[in-house]
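Heads up, the thing below is written out as structure tokens.
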Amino acid sequence: MSGADIVGLYNYWIVIFLMMTGFYILLARKNLIKSVIGLNVFQTSVFLLYITMGKVRGGTAPIIPPNIAAASEHHQVGHNGQTHASAIEEFATEAFEPLVRASQQLDHAAGVGDIVYSNPLPSVLMLTAIVVGIATTALALALVVRIREDYGTIDESRILEIDRVDGPADSGLNASDSETSIEAVETAT
Amino acid sequence: MIESLQPHLPVLLIAIPMMTAPLCVLVGRASLSYWLAMLACVVTFGISIQLMIHAGGSSSIRYELGGWSPPYGIEYVVDGFSGFVMMFVAGLATMVMAYAPASVAAEISPSKQYLFYATYLLCLTGLLGMCVTGDLFNVFVFLEVSSLSSYALISLGKTRRAPLAAFQYLIVGSIGATFMLIGIGLLYQMTGTLNMADIAARVPHEEGPRTVLVAFAFLTVGLGIKMAVFPLHTWLPNAYTYAPSVVTCFIAATATKVSVYAFTRMIFGIISSSFAFDVLPLDSELMALSIVGIFVASIAAIYQDNVKRLLAYSSVAQIGYMLLGISMATPGGLTAGIVHMFNHALIKGSLFMVVGCFALRLGSVRLSDWAGAGRTMPWTGFAWAVGGLGLIGVPTTAGFISKWLLLTSAFERDLWPVALMVLASSLLAVVYVWRVVETLYFAPPSESAKKARDAPVRMLIPTYLLLSTVMLFGVWTPYSAGLARHAAQALLGAAP
């Protein structure tokens, strides 16, 4: 791998750096909120990974320029009129074929070079992943709120300390099992 | 009407529980939302049986979502394997739902019960979606749907340790899901498609770039966390212990099995077993991890005082048996793995139902509080004994069928040490099941056990119904081992 290659892949280096940062926070965490943030950094690095792989060098945003869109629409109506308009299986090929033809015609006419589009699919996938990430964060924060209400702290080592003082009081059913408060633990230690 | 719905059954399977969930929230009353959820479960179960009848032969049902043809659109596939898993997941969900009301009333505060039913349905949606979809990114989405709702369900437990257990599971589970996302992304980068069949046709196997290897590694570790395979199982005991009994029952019976399904599908349907098992040493690695996991988890189970935790460790061990079968990659071994998914779902589901019955009457799931309860609660105690026999794998129970298939296929491949270790580990199961039986029947009764009476009939009926299927599928196997063999042959046939 030459030096230019290594520099050229800078987006991937950023991804790896972010991923490792987030992962380290998750592993080294003591504070529950911080671990949620670590999880966020970790997930965000994956968004960047997907978006990076969707980018085509020299590609523009995958939006068809208006003049070509208008031409292809006209073309498509005529095309569908002649043949079976309802054949859904062939929809994809039918939709793209006139587009290609129209853009070729326009290229010839206007002397525009071939238009290169970036791949929109990874970005679309990431919209879904972002929504999943938000749901995860919201749920995690809600759980932290409940843990804070019950234990009086969001420091994981102190929570485990409280549980240890409680002993194996895990009948798993009654909230009224011996519940040691944070103050009791602090005075004891 | 029914005729016109027939082609849309694969999507209705997902849409019905998903749409009923917000309906439960809108209704906002516990009893009404229970019946809505129950109805949704029954309809979903009916649909899955109908799908299985149609996909039972060699043909599979392919449904194009929104009418977009496969490589562009999302495709739902029902074949022998996914149909089988869907059927028992929906069936178990229905059974647990029938069992739920009394236990839910005791363990979940009334203001949250309608939300519980809604979340339960969402979890079911996610699990069924993971089975039915033929699109890799869709697997991730449904995995997250089921995982997020199971975190919420676990946090409903009454003690303050429940939210903490849910939080820890959330962190570990999200790492697993994100690993899967990375793996899916790398596979997409190599093939330019997300459709599983399409990826399988395009992915460069032998001498392929390292990207495929990395993608496979991420997917394996991600799913390994979700399956709770031995070294990645740490989230499971706490989550199962502190969740409400009904939730433990449902999740223990279904969630890890669906992840095993996704893992099997990935190996045999996408990456191809020749790459995973011949080029990479995944088979010997899986076999080693399974055997170590079976022993470590079974021994850990013996020392537990909390019965839920005991069963949770036993679940980790049972996942080992499934992966052991899958790692053999022969028709026999794969059949054993798949049929054990089904049998273990029945057995563990019914045992956790029994735990829920005891918890309701004794107010505790600690073994010391259960002392002597077998005499004051005869029906419940007997149910534990029967379910325990199934877990050990005594002949005429479903557990025996899977162990028998596992042993015969181990002998076929001349894996004598493996077969011997399976037998030895069954003895460990005898120990931890017997400990509970002994406490129930022969220990001097505790204070709470003296006052206890048998669990309510509406909890005992679903429990015994499930136990009777454990016995039924121990002697009559065309619809358990038969279907599993069919699925195994299809999987191995599909892989080049």
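By convention here, the chains of the structure tokens are called A, B, ... in the order presented, each chain's residues are numbered starting at 1, and ligands are numbered starting at 1 in the order presented.
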If we count only C-alpha atoms, which residues of chain B reach to within 9 Å of chain A? Please list them as a VMD selection string.
chain B and resid 67 to 69 72 107 137 141 144 to 145 148 151 to 152 155 157 to 164 166 to 167 170 to 171 174 to 175 178 181 to 182 185 to 186 188 to 189 241 to 244 306 308 359 363 to 366
Output C-alpha atoms for every residue in that selection, as a PDB file, in the first residue's frame.
```pdb
ATOM      1  CA  GLY B  67     -44.310  -5.113  -5.625  1.00  0.00           C
ATOM      2  CA  TRP B  68     -40.629  -4.223  -6.124  1.00  0.00           C
ATOM      3  CA  SER B  69     -38.702  -7.123  -7.576  1.00  0.00           C
ATOM      4  CA  TYR B  72     -34.159  -3.627  -5.729  1.00  0.00           C
ATOM      5  CA  GLU B 107     -45.772  -8.641  38.975  1.00  0.00           C
ATOM      6  CA  PHE B 137     -30.387  -4.953   6.369  1.00  0.00           C
ATOM      7  CA  VAL B 141     -33.827  -3.572  11.710  1.00  0.00           C
ATOM      8  CA  GLU B 144     -33.282  -3.992  16.870  1.00  0.00           C
ATOM      9  CA  VAL B 145     -37.093  -3.950  17.047  1.00  0.00           C
ATOM     10  CA  LEU B 148     -35.282  -2.673  22.102  1.00  0.00           C
ATOM     11  CA  TYR B 151     -34.861  -4.268  27.026  1.00  0.00           C
ATOM     12  CA  ALA B 152     -38.049  -2.423  27.898  1.00  0.00           C
ATOM     13  CA  SER B 155     -36.845  -3.316  32.912  1.00  0.00           C
ATOM     14  CA  GLY B 157     -39.242  -6.279  36.767  1.00  0.00           C
ATOM     15  CA  LYS B 158     -40.220  -5.209  40.251  1.00  0.00           C
ATOM     16  CA  THR B 159     -36.841  -4.952  41.937  1.00  0.00           C
ATOM     17  CA  ARG B 160     -34.499  -2.078  41.305  1.00  0.00           C
ATOM     18  CA  ARG B 161     -32.017  -4.480  39.811  1.00  0.00           C
ATOM     19  CA  ALA B 162     -34.260  -4.966  36.774  1.00  0.00           C
ATOM     20  CA  PRO B 163     -33.507  -1.589  35.129  1.00  0.00           C
ATOM     21  CA  LEU B 164     -29.814  -2.161  35.752  1.00  0.00           C
ATOM     22  CA  ALA B 166     -31.861  -4.121  31.226  1.00  0.00           C
ATOM     23  CA  PHE B 167     -29.275  -1.350  30.902  1.00  0.00           C
ATOM     24  CA  LEU B 170     -28.841  -2.790  26.252  1.00  0.00           C
ATOM     25  CA  ILE B 171     -25.166  -1.824  26.157  1.00  0.00           C
ATOM     26  CA  SER B 174     -26.273  -2.661  21.055  1.00  0.00           C
ATOM     27  CA  ILE B 175     -22.591  -3.479  20.626  1.00  0.00           C
ATOM     28  CA  THR B 178     -23.696  -2.490  15.710  1.00  0.00           C
ATOM     29  CA  LEU B 181     -24.369  -3.459  11.028  1.00  0.00           C
ATOM     30  CA  ILE B 182     -20.639  -3.169  10.271  1.00  0.00           C
ATOM     31  CA  GLY B 185     -22.048  -2.818   5.425  1.00  0.00           C
ATOM     32  CA  LEU B 186     -18.839  -4.582   4.437  1.00  0.00           C
ATOM     33  CA  TYR B 188     -22.749  -4.653   0.804  1.00  0.00           C
ATOM     34  CA  GLN B 189     -19.476  -3.017  -0.153  1.00  0.00           C
ATOM     35  CA  THR B 241     -33.354 -13.335  36.573  1.00  0.00           C
ATOM     36  CA  TYR B 242     -34.719  -9.835  37.112  1.00  0.00           C
ATOM     37  CA  ALA B 243     -37.292  -9.689  34.293  1.00  0.00           C
ATOM     38  CA  PRO B 244     -40.949 -10.403  35.193  1.00  0.00           C
ATOM     39  CA  ASN B 306     -32.163 -18.459  42.506  1.00  0.00           C
ATOM     40  CA  LYS B 308     -34.550 -18.288  37.485  1.00  0.00           C
ATOM     41  CA  ALA B 359     -43.355 -17.069  42.198  1.00  0.00           C
ATOM     42  CA  GLY B 363     -43.550 -14.617  46.398  1.00  0.00           C
ATOM     43  CA  SER B 364     -40.000 -15.721  45.753  1.00  0.00           C
ATOM     44  CA  VAL B 365     -37.898 -17.583  43.234  1.00  0.00           C
ATOM     45  CA  ARG B 366     -35.175 -18.545  45.705  1.00  0.00           C
TER      46      ARG B 366
END
```
Could you state the separation of atom CA of Glu75 of chain B and atom CA of Leu127 of chain B in Å, given to one decimal place?
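According to the coordinates, atom CA of Glu75 of chain B and atom CA of Leu127 of chain B are separated by 16.6 Å.
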Atom CA of Ile37 of chain A and atom CA of Leu18 of chain A, how far apart in Å?
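Separation between atom CA of Leu18 of chain A and atom CA of Ile37 of chain A: 12.2 Å.
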Skipping near chain neighbours, those fewer than 2 positions away, what residues fall within 7 Å of segment 451-466 of chain B using only C-alpha atoms, listed as a VMD selection string?
chain B and resid 95 98 to 99 346 350 353 to 354 357 361 to 362 376 to 380 447 to 449 468 to 470
Store the residues picked out above, limited to C-alpha atoms, as an mmCIF file, in the first residue's frame.
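And here's out36.cif as it stands now:
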```cif
data_model
loop_
_atom_site.group_PDB
_atom_site.id
_atom_site.type_symbol
_atom_site.label_atom_id
_atom_site.label_comp_id
_atom_site.auth_asym_id
_atom_site.auth_seq_id
_atom_site.Cartn_x
_atom_site.Cartn_y
_atom_site.Cartn_z
ATOM 1 C CA MET B 95 -49.090 -20.025 24.825
ATOM 2 C CA ALA B 98 -52.622 -17.387 27.403
ATOM 3 C CA TYR B 99 -50.638 -17.944 30.595
ATOM 4 C CA LEU B 346 -41.023 -25.944 24.505
ATOM 5 C CA SER B 350 -42.834 -24.647 30.261
ATOM 6 C CA MET B 353 -44.054 -21.067 33.373
ATOM 7 C CA VAL B 354 -43.692 -23.349 36.398
ATOM 8 C CA CYS B 357 -46.548 -20.288 39.178
ATOM 9 C CA ARG B 361 -47.841 -18.320 45.284
ATOM 10 C CA LEU B 362 -44.590 -18.163 47.253
ATOM 11 C CA THR B 376 -48.688 -27.993 49.183
ATOM 12 C CA MET B 377 -48.660 -27.239 45.434
ATOM 13 C CA PRO B 378 -48.786 -30.765 43.971
ATOM 14 C CA TRP B 379 -49.749 -29.856 40.408
ATOM 15 C CA THR B 380 -47.118 -27.168 40.088
ATOM 16 C CA GLU B 447 -43.248 -20.790 56.218
ATOM 17 C CA SER B 448 -44.507 -19.514 52.876
ATOM 18 C CA ALA B 449 -44.732 -23.049 51.462
ATOM 19 C CA SER B 468 -48.002 -32.218 26.974
ATOM 20 C CA THR B 469 -46.380 -30.995 23.732
ATOM 21 C CA VAL B 470 -43.000 -31.761 25.314
#
```
What's the separation between atom CA of His344 of chain B and atom CA of Val77 of chain B, in Å to one decimal place?
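Distance between the two atoms: 24.7 Å.
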Identify, with DSSP run on backbone atoms, the residues in segment 114-173 of chain A assigned to helix (DSSP H, G or I), and express the list as number ranges by chain.
A: 121-151, 156-166
Just the residues within 10 Å of Ile64 of chain A, please, counting only C-alpha atoms, with nothing from its chain fewer than 3 positions along; format it as a PDB file with N, CA and C atoms, in the first residue's frame.
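Saved the output as out_25.pdb:
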```pdb
ATOM      1  N   THR A  60     -21.954  13.233  -8.206  1.00  0.00           N
ATOM      2  CA  THR A  60     -22.767  14.299  -7.628  1.00  0.00           C
ATOM      3  C   THR A  60     -23.862  13.677  -6.764  1.00  0.00           C
ATOM      4  N   ALA A  61     -24.650  14.533  -6.158  1.00  0.00           N
ATOM      5  CA  ALA A  61     -25.801  14.052  -5.399  1.00  0.00           C
ATOM      6  C   ALA A  61     -26.724  13.301  -6.350  1.00  0.00           C
ATOM      7  N   ASN A  67     -33.767  19.141 -16.334  1.00  0.00           N
ATOM      8  CA  ASN A  67     -33.998  19.056 -17.780  1.00  0.00           C
ATOM      9  C   ASN A  67     -34.019  17.610 -18.255  1.00  0.00           C
ATOM     10  N   ILE A  68     -33.129  16.771 -17.693  1.00  0.00           N
ATOM     11  CA  ILE A  68     -33.120  15.359 -18.073  1.00  0.00           C
ATOM     12  C   ILE A  68     -34.365  14.658 -17.550  1.00  0.00           C
ATOM     13  N   ALA A  69     -34.764  15.014 -16.331  1.00  0.00           N
ATOM     14  CA  ALA A  69     -35.948  14.403 -15.746  1.00  0.00           C
ATOM     15  C   ALA A  69     -37.165  14.675 -16.612  1.00  0.00           C
ATOM     16  N   ALA A  70     -37.294  15.922 -17.076  1.00  0.00           N
ATOM     17  CA  ALA A  70     -38.445  16.286 -17.899  1.00  0.00           C
ATOM     18  C   ALA A  70     -38.436  15.479 -19.189  1.00  0.00           C
ATOM     19  N   LEU A  99     -34.291   6.418 -19.068  1.00  0.00           N
ATOM     20  CA  LEU A  99     -33.448   7.425 -18.437  1.00  0.00           C
ATOM     21  C   LEU A  99     -32.084   7.447 -19.092  1.00  0.00           C
ATOM     22  N   SER A 103     -30.592  10.445 -21.241  1.00  0.00           N
ATOM     23  CA  SER A 103     -29.406  11.186 -20.842  1.00  0.00           C
ATOM     24  C   SER A 103     -28.355  11.126 -21.946  1.00  0.00           C
ATOM     25  N   ILE A 115     -22.899  11.919 -16.528  1.00  0.00           N
ATOM     26  CA  ILE A 115     -23.126  12.314 -15.141  1.00  0.00           C
ATOM     27  C   ILE A 115     -22.876  11.113 -14.250  1.00  0.00           C
ATOM     28  N   TYR A 117     -23.269   9.582 -10.546  1.00  0.00           N
ATOM     29  CA  TYR A 117     -23.995   9.801  -9.295  1.00  0.00           C
ATOM     30  C   TYR A 117     -23.353   9.010  -8.172  1.00  0.00           C
TER      31      TYR A 117
END
```
Of B:Leu223, B:Met38, B:Ala215, B:Val418, the one sitting nearest Tyr117 of chain B when using only C-alpha atoms is B:Met38
Residues at most 10 Å from Val386 of chain B, counting only C-alpha atoms, excluding those fewer than 3 positions away in the same chain, as a list in words?
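Counting only C-alpha atoms, the residues come to Ile347, Ser350, Leu351, Gly381, Phe382, Ala383, Leu389, Gly390, Leu391, Val394, Thr397, Tyr464, Leu467, Ser468, Val470 and Met471 of chain B.
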With N, CA and C atoms retained, write the just-selected residues as a compact mmCIF listing (two decimals), in the first residue's frame.
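Output file out_33.txt follows:
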```txt
# COMPACT_ATOMS: atom_id res chain seq x y z
N ILE B 347 -39.48 -26.84 26.16
CA ILE B 347 -39.10 -27.27 27.51
C ILE B 347 -38.84 -26.06 28.40
N SER B 350 -41.96 -24.08 29.22
CA SER B 350 -42.83 -24.65 30.26
C SER B 350 -42.17 -24.57 31.63
N LEU B 351 -40.84 -24.74 31.71
CA LEU B 351 -40.19 -24.65 33.02
C LEU B 351 -40.29 -23.25 33.59
N GLY B 381 -45.67 -28.61 41.40
CA GLY B 381 -44.44 -29.36 41.63
C GLY B 381 -44.26 -30.47 40.61
N PHE B 382 -45.36 -31.17 40.29
CA PHE B 382 -45.29 -32.25 39.31
C PHE B 382 -44.88 -31.70 37.94
N ALA B 383 -45.40 -30.49 37.62
CA ALA B 383 -45.05 -29.88 36.34
C ALA B 383 -43.55 -29.64 36.25
N LEU B 389 -37.50 -33.52 33.45
CA LEU B 389 -37.16 -34.73 32.70
C LEU B 389 -36.89 -34.39 31.23
N GLY B 390 -37.70 -33.48 30.70
CA GLY B 390 -37.48 -33.04 29.32
C GLY B 390 -36.12 -32.37 29.17
N LEU B 391 -35.76 -31.53 30.15
CA LEU B 391 -34.51 -30.80 30.07
C LEU B 391 -33.33 -31.77 30.11
N VAL B 394 -34.70 -37.33 29.05
CA VAL B 394 -35.14 -38.69 29.36
C VAL B 394 -36.00 -39.20 28.19
N THR B 397 -39.47 -37.91 26.16
CA THR B 397 -39.66 -36.46 26.17
C THR B 397 -38.95 -35.88 24.95
N TYR B 464 -49.55 -26.99 31.50
CA TYR B 464 -49.69 -28.42 31.19
C TYR B 464 -49.88 -28.66 29.70
N LEU B 467 -46.43 -28.63 28.46
CA LEU B 467 -45.75 -29.85 28.89
C LEU B 467 -46.22 -31.05 28.09
N SER B 468 -47.51 -31.08 27.75
CA SER B 468 -48.00 -32.22 26.97
C SER B 468 -47.38 -32.21 25.58
N VAL B 470 -44.34 -31.22 25.07
CA VAL B 470 -43.00 -31.76 25.31
C VAL B 470 -43.04 -33.28 25.26
N MET B 471 -44.09 -33.88 25.87
CA MET B 471 -44.21 -35.33 25.84
C MET B 471 -44.60 -35.81 24.45
```
Any idea what's packed within 12 Å of Leu280 of chain B, counting only C-alpha atoms, ignoring anything in its chain fewer than 2 positions away? Could you give it as a PyMOL selection string?
chain B and resi 205-207+212-213+216-217+267+271-278+282-286
Based on the backbone DSSP call, show me all residues of segment 19-184 of chain B assigned strand (DSSP E), as a PyMOL selection string.
chain B and resi 61-64+75-78
